[in-house]
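Only one structure is covered here, and it is reproduced in the block below.
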Number of protein chains: 2
Amino acid sequence: MTDLNNDIFKTIDAERRGTTSEEVVSQLREMIHRGELRPGDRLPPERDLAKMLGVSRPTLRAGIRSLAAVGVLQSRQGAGTFVVKSDGPPSLDSSPLRLMASLHGFTSAEMFEARQSLEMAVAGLAAERATDDQMATMAEETTGMFASLDDPEQFLVHDMHFHQTVAAASGNRILTSLMNMVSTILFDVRSKTVKRARDLKESAEMHRHIYRAIRERNPEAARKAMREHLMLAQKAQEQEAAEDAAGRNGANGSNGANGDVH
Amino acid sequence: MTDLNNDIFKTIDAERRGTTSEEVVSQLREMIHRGELRPGDRLPPERDLAKMLGVSRPTLRAGIRSLAAVGVLQSRQGAGTFVVKSDGPPSLDSSPLRLMASLHGFTSAEMFEARQSLEMAVAGLAAERATDDQMATMAEETTGMFASLDDPEQFLVHDMHFHQTVAAASGNRILTSLMNMVSTILFDVRSKTVKRARDLKESAEMHRHIYRAIRERNPEAARKAMREHLMLAQKAQEQEAAEDAAGRNGANGSNGANGDVH
DNA sequence: TTATTGAGATCGGTCATACCATTAGCTCTG
DNA sequence: CAGAGCTAATGGTATGACCGATCTCAATAA
């Protein structure tokens, strides 16, 4: 179709003379791009598809594998290979970021900061664009948090829903995806912390502040409230990690604030 | 087979969580994470590594392929497979995001906004943390822009270096990576626009404003300057795209402001 | 008639083997 | 000593086979 993409950078799809499996990736990408394959669709069986594309099955599988690794395709033995269907917001696979974190030794503090920046950005946008429905949802989730002060698990659900709603209200699906990507990695750590009731109440209050700023269409206030909320959350978590490490006599407390992200 | 390598490479068959190839991915990830494989290192030949891990070569290749797809490994025929060495900042592959853009029909306006948010974030952080060296580099690149007002291609190089330096000065490699991820996709569009001299001068002025705000350690001013710069850049590009489309009698002007990101 | 179960068909996962294409390193030659 | 050419090493592709998980649908029982 268009040859407009003769970039200076050699992206995978631009190199028609690349390896055969890269060509397969290109073909599949174009099929998806042209709408011949839509989210949720099932690809033809590998044996058939291989013949259609004129390659061997291992080569086709290599291409499928590449796309599966980045979260575009998903294979299920016995069932077939599907284009990943995103019910809600589109999502990026976080494993690449996780790998990069391992490779370069990212600290969770750095992760936290990235998340904070992203959350502040979407909060600011949400203050400008949130619909009435979305604001109502935020209010509900906030209420839910106050009602779950004695149930940390339930509290976390409302917490996540709240942030999800704010992200959706930003109207920018890219920022939302990136935010989720980072948050997903931090989730393991978060879910393990059994927060104290006092922290939960404080956290719920912070969410209410964020909600109010958004309702009042005040982006700066929303950003500020989100910043304070996440700073507090990080501090609480660091403290807990420190206590946890101390309680274990310092053994294997590597999930602390400055530990690598595993 | 030799027993020399059994200390490092543990066989797999114990406790397989998912598929065998997924287990291979896990093993390789752990090797990298534990530092047994460092950036720039070469992996053992596939035939040997397959035996060490106790899997067949196709299965091993599937695992390698998955990691290569997310930019962690890189295979070169005849040479070997290497852990990607990141000279500068760690980088995430942008193809997943590109695919997602195709799948969900992201507009370049949405991309621009995401980039704007990320650039503003790093600019703010850079104002707090930039070293003298980094600020000197920014000054140099700004000077370079003014010196390249009649050479759009050279101008773009300085432009990119400037933003790269700001990102590095933020001290947050995750945000930097995400920013590059988004910027890379927008690069195609940018590189095609042959800017007018007046726009270039205006752009250089904006960069100087950003630099000054960072030098003065004023995060808010840096964010504001960056925002204005990118808004201007987007506007200029939209205008040019519109003119381009008009010049072509409206034929295939799909790279315009509201077109899909291809 | 409806729900359940079972067998066959479908399809991805894995393995073994062979051969091709490219690269790196070494040897031989000038 | 330097460069050209050869050889071995290594990833890329192809063929074919079998296994295990899953789906489909018809036969059977309630």
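Here's how to read the names in the structure tokens: chain A, B, ... by the order shown, residue numbers from 1 in each chain, ligand numbers from 1 in the order shown.
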_List the spatial neighbours of DT4 of chain C as a VMD selection string - criterion: any atom at most 10 Å away, only C-alpha atoms (C1' of nucleotides), same-chain residues fewer than 2 positions off excluded._
(chain C and resid 2 6) or (chain D and resid 28 to 30)
*Pull out every residue of chain D sitting within 8 Å of chain B, counting only C-alpha atoms (C1' of nucleotides), and send them as number ranges by chain.*
D: 9-12
What does the file look like for those residues with N, CA, C and O atoms (P, O5', C5', C4', C3', O3' and C1' of nucleotides), as an mmCIF file, in the first residue's frame?
```cif
data_model
loop_
_atom_site.group_PDB
_atom_site.id
_atom_site.type_symbol
_atom_site.label_atom_id
_atom_site.label_comp_id
_atom_site.auth_asym_id
_atom_site.auth_seq_id
_atom_site.Cartn_x
_atom_site.Cartn_y
_atom_site.Cartn_z
ATOM 1 P P DA D 9 34.205 -25.612 13.939
ATOM 2 O "O5'" DA D 9 33.272 -24.403 14.405
ATOM 3 C "C5'" DA D 9 33.892 -23.136 14.693
ATOM 4 C "C4'" DA D 9 32.848 -22.045 14.703
ATOM 5 C "C3'" DA D 9 31.567 -22.376 15.481
ATOM 6 O "O3'" DA D 9 31.221 -21.265 16.277
ATOM 7 C "C1'" DA D 9 31.021 -21.695 13.287
ATOM 8 P P DT D 10 30.137 -21.445 17.462
ATOM 9 O "O5'" DT D 10 28.832 -20.827 16.795
ATOM 10 C "C5'" DT D 10 28.861 -19.496 16.303
ATOM 11 C "C4'" DT D 10 27.587 -19.184 15.566
ATOM 12 C "C3'" DT D 10 26.328 -19.821 16.164
ATOM 13 O "O3'" DT D 10 25.400 -18.824 16.513
ATOM 14 C "C1'" DT D 10 26.384 -20.083 13.825
ATOM 15 P P DG D 11 24.073 -19.206 17.323
ATOM 16 O "O5'" DG D 11 22.983 -18.587 16.353
ATOM 17 C "C5'" DG D 11 23.040 -17.210 16.036
ATOM 18 C "C4'" DG D 11 22.375 -16.936 14.711
ATOM 19 C "C3'" DG D 11 20.857 -17.131 14.703
ATOM 20 O "O3'" DG D 11 20.282 -16.136 13.866
ATOM 21 C "C1'" DG D 11 21.823 -18.511 13.077
ATOM 22 P P DG D 12 18.698 -16.106 13.622
ATOM 23 O "O5'" DG D 12 18.550 -16.855 12.224
ATOM 24 C "C5'" DG D 12 18.734 -16.116 11.023
ATOM 25 C "C4'" DG D 12 18.099 -16.834 9.849
ATOM 26 C "C3'" DG D 12 16.609 -17.154 10.024
ATOM 27 O "O3'" DG D 12 15.925 -16.824 8.817
ATOM 28 C "C1'" DG D 12 17.793 -19.128 9.539
#
```
*Specify as a count of residues only all residues of chain A found within 6 Å of chain B, counting only C-alpha atoms.*
8
*Within segment 6-192 of chain B, find each residue whose DSSP state, derived from the backbone, is helix (DSSP H, G or I), and express the selection as a PyMOL selection string.*
chain B and resi 20-34+46-53+57-69+95-104+108-129+132-147+152-169+173-192
*Give me, as a list in words, the contact residues of chain C against chain A at a cut-off of 10 Å, counting only C-alpha atoms (C1' of nucleotides).*
DT10, DC11, DG12 and DG13 of chain C
Writer output for current selection, C-alpha atoms (C1' of nucleotides), as a PDB file, in the first residue's frame:
```pdb
ATOM      1  C1'  DT C  10      -8.649 -29.769  15.110  1.00  0.00           C
ATOM      2  C1'  DC C  11      -4.759 -27.164  16.388  1.00  0.00           C
ATOM      3  C1'  DG C  12      -0.802 -25.432  18.818  1.00  0.00           C
ATOM      4  C1'  DG C  13       3.662 -27.333  21.249  1.00  0.00           C
TER       5       DG C  13
END
```
*asked:* Env of Asn218 of chain A: 12 Å cut, atoms = only C-alpha atoms (C1' of nucleotides), seq-sep filter 3 positions within chain, self excluded. Answer as a PyMOL selection string.
replied: chain A and resi 123-130+209-215+221-225
*asked:* What's the separation between atom C1' of DT13 of chain D and atom CA of Glu36 of chain A, in Å to one decimal place?
replied: 27.1 Å
*Point-to-point distance from atom CA of Asp48 of chain A to atom CA of Val25 of chain A, Å rounded to tenths*: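 About the pair atom CA of Asp48 of chain A and atom CA of Val25 of chain A: they are 16.3 Å apart.
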*DSSP on the backbone: what in segment 24-153 of chain B comes out strand (DSSP E or B), as a list of chain:residue names?*
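Assigned to strand (DSSP E or B), within segment 24-153 of chain B: B:Arg42, B:Leu73, B:Gln74, B:Ser75, B:Arg76, B:Gly80, B:Thr81, B:Phe82, B:Val83, B:Thr107.
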*Mind pulling up the distance from atom CA of Val24 of chain B to atom CA of Thr20 of chain A?*
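Computed distance, atom CA of Thr20 of chain A to atom CA of Val24 of chain B, equals 23.4 Å.
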*For Thr165 of chain B, list every protein, DNA or RNA residue within 9 Å, evaluated using only C-alpha atoms (C1' of nucleotides), and leave out those in the same chain fewer than 2 positions away; present the list as a list in words.*
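In the requested format, the answer is Gln134, Met135, Thr137, Met138, Met160, His161, Phe162, His163, Ala167, Ala168, Ala169 and Ser170 of chain B.
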